[in-house]
Amino acid sequence: MSETAPSLSIGQVAERTGLSVHALRFYEREGILADPVRRGPGGRRVYSEQDVEWLNLCIILRASGMPLPAIRQYTGLVRQGAGNELERLALLRRHQELVTAQIGRLTECLELIGYKVRVYEDHLDQGAADDLCGSLPEN
């Protein structure tokens, strides 16, 4: 007896990925899915666990700032199969460099925000004992 992979409806995939049904259709139209979406009886979209895993990867790439054209390019390389791993690696390394730079900028922002929080906390701690009506530190 052969087992078939469970199939998921577009609603189930939307629920599992956090993407809207509209976004899933958009991803399909834009060529973001690694495999063509199968159709079940009545023409309804049928997804697999592998589709969900791919979508989760795309969600992470998108959340990290990868533009849709780059995700589409990566998807195209994956669709082509073995033999283009150097191109895939180069694309991911470029994105990794951009994300690393973004993390550096965000770390600087977080440090400044942390400093300002400490300034206000110190001011309020002193003000609670001294002068609650005094002015707050500048900026």
# chains A, B, ... in the order shown; residues from 1 in each chain; ligands from 1

call {"tool": "residues_around", "arguments": {"residues": "Trp54 (chain A)", "least_positions_apart": "6", "cutoff": "12 Å", "atoms": "only C-alpha atoms", "output": "JSON, numbers by chain"}}
result
{"A": [13, 17, 24, 27, 32, 33, 34, 35, 36, 47, 48, 60, 61, 71, 74, 75, 78, 79]}

call {"tool": "residues_around", "arguments": {"residues": "region 66-68 of chain A", "least_positions_apart": "3", "cutoff": "12 Å", "atoms": "only C-alpha atoms", "output": "number ranges by chain"}}
result
A: 26-27, 30-33, 57-63, 71-75, 91-99, 102

call {"tool": "write_last_selection", "arguments": {"atoms": "N, CA and C atoms", "output": "mmCIF file, in the first residue's frame"}}
result
data_model
loop_
_atom_site.group_PDB
_atom_site.id
_atom_site.type_symbol
_atom_site.label_atom_id
_atom_site.label_comp_id
_atom_site.auth_asym_id
_atom_site.auth_seq_id
_atom_site.Cartn_x
_atom_site.Cartn_y
_atom_site.Cartn_z
ATOM 1 N N PHE A 26 -0.211 35.737 -5.295
ATOM 2 C CA PHE A 26 0.779 36.672 -5.830
ATOM 3 C C PHE A 26 2.124 35.972 -6.001
ATOM 4 N N TYR A 27 2.563 35.239 -4.987
ATOM 5 C CA TYR A 27 3.838 34.509 -5.080
ATOM 6 C C TYR A 27 3.815 33.526 -6.249
ATOM 7 N N GLU A 30 4.138 35.490 -9.486
ATOM 8 C CA GLU A 30 5.461 36.091 -9.603
ATOM 9 C C GLU A 30 6.584 35.068 -9.782
ATOM 10 N N GLY A 31 6.241 33.792 -9.781
ATOM 11 C CA GLY A 31 7.256 32.762 -9.984
ATOM 12 C C GLY A 31 8.150 32.543 -8.783
ATOM 13 N N ILE A 32 7.606 32.730 -7.595
ATOM 14 C CA ILE A 32 8.382 32.597 -6.365
ATOM 15 C C ILE A 32 8.377 31.156 -5.847
ATOM 16 N N LEU A 33 7.418 30.373 -6.243
ATOM 17 C CA LEU A 33 7.349 28.988 -5.761
ATOM 18 C C LEU A 33 8.291 28.100 -6.567
ATOM 19 N N LEU A 57 11.058 29.536 3.728
ATOM 20 C CA LEU A 57 12.368 30.067 3.346
ATOM 21 C C LEU A 57 12.202 31.434 2.682
ATOM 22 N N CYS A 58 11.268 31.534 1.762
ATOM 23 C CA CYS A 58 11.027 32.803 1.065
ATOM 24 C C CYS A 58 10.588 33.896 2.033
ATOM 25 N N ILE A 59 9.788 33.537 3.022
ATOM 26 C CA ILE A 59 9.335 34.500 4.027
ATOM 27 C C ILE A 59 10.542 35.035 4.801
ATOM 28 N N ILE A 60 11.457 34.148 5.157
ATOM 29 C CA ILE A 60 12.657 34.571 5.890
ATOM 30 C C ILE A 60 13.532 35.452 5.011
ATOM 31 N N LEU A 61 13.723 35.056 3.762
ATOM 32 C CA LEU A 61 14.527 35.884 2.852
ATOM 33 C C LEU A 61 13.897 37.257 2.691
ATOM 34 N N ARG A 62 12.592 37.298 2.530
ATOM 35 C CA ARG A 62 11.884 38.574 2.349
ATOM 36 C C ARG A 62 11.977 39.423 3.617
ATOM 37 N N ALA A 63 11.784 38.782 4.778
ATOM 38 C CA ALA A 63 11.856 39.511 6.052
ATOM 39 C C ALA A 63 13.256 40.068 6.295
ATOM 40 N N ILE A 71 14.732 36.969 -4.973
ATOM 41 C CA ILE A 71 14.109 35.696 -4.585
ATOM 42 C C ILE A 71 13.675 34.937 -5.838
ATOM 43 N N ARG A 72 13.133 35.657 -6.803
ATOM 44 C CA ARG A 72 12.734 35.030 -8.067
ATOM 45 C C ARG A 72 13.959 34.429 -8.768
ATOM 46 N N GLN A 73 15.069 35.158 -8.758
ATOM 47 C CA GLN A 73 16.298 34.650 -9.370
ATOM 48 C C GLN A 73 16.772 33.382 -8.657
ATOM 49 N N TYR A 74 16.761 33.404 -7.333
ATOM 50 C CA TYR A 74 17.155 32.234 -6.553
ATOM 51 C C TYR A 74 16.238 31.055 -6.861
ATOM 52 N N THR A 75 14.936 31.321 -6.920
ATOM 53 C CA THR A 75 13.966 30.282 -7.245
ATOM 54 C C THR A 75 14.258 29.682 -8.620
ATOM 55 N N LEU A 91 24.677 34.492 -4.815
ATOM 56 C CA LEU A 91 23.477 35.281 -4.529
ATOM 57 C C LEU A 91 23.237 35.347 -3.023
ATOM 58 N N LEU A 92 23.349 34.209 -2.346
ATOM 59 C CA LEU A 92 23.115 34.174 -0.902
ATOM 60 C C LEU A 92 24.221 34.910 -0.142
ATOM 61 N N ARG A 93 25.448 34.813 -0.609
ATOM 62 C CA ARG A 93 26.543 35.546 0.056
ATOM 63 C C ARG A 93 26.338 37.056 -0.056
ATOM 64 N N ARG A 94 25.915 37.528 -1.229
ATOM 65 C CA ARG A 94 25.640 38.964 -1.392
ATOM 66 C C ARG A 94 24.563 39.412 -0.401
ATOM 67 N N HIS A 95 23.531 38.602 -0.308
ATOM 68 C CA HIS A 95 22.462 38.963 0.619
ATOM 69 C C HIS A 95 22.957 38.893 2.067
ATOM 70 N N GLN A 96 23.755 37.910 2.367
ATOM 71 C CA GLN A 96 24.309 37.781 3.714
ATOM 72 C C GLN A 96 25.120 39.029 4.086
ATOM 73 N N GLU A 97 25.891 39.542 3.142
ATOM 74 C CA GLU A 97 26.672 40.764 3.394
ATOM 75 C C GLU A 97 25.752 41.952 3.671
ATOM 76 N N LEU A 98 24.671 42.057 2.909
ATOM 77 C CA LEU A 98 23.719 43.155 3.125
ATOM 78 C C LEU A 98 23.046 43.045 4.493
ATOM 79 N N VAL A 99 22.666 41.841 4.872
ATOM 80 C CA VAL A 99 22.021 41.634 6.171
ATOM 81 C C VAL A 99 23.003 41.930 7.296
ATOM 82 N N GLN A 102 23.267 45.586 7.656
ATOM 83 C CA GLN A 102 22.035 46.090 8.267
ATOM 84 C C GLN A 102 22.054 45.831 9.777
#

call {"tool": "select_by_dssp", "arguments": {"residues": "chain A", "states": "strand (DSSP E)", "output": "count of residues only"}}
result
4
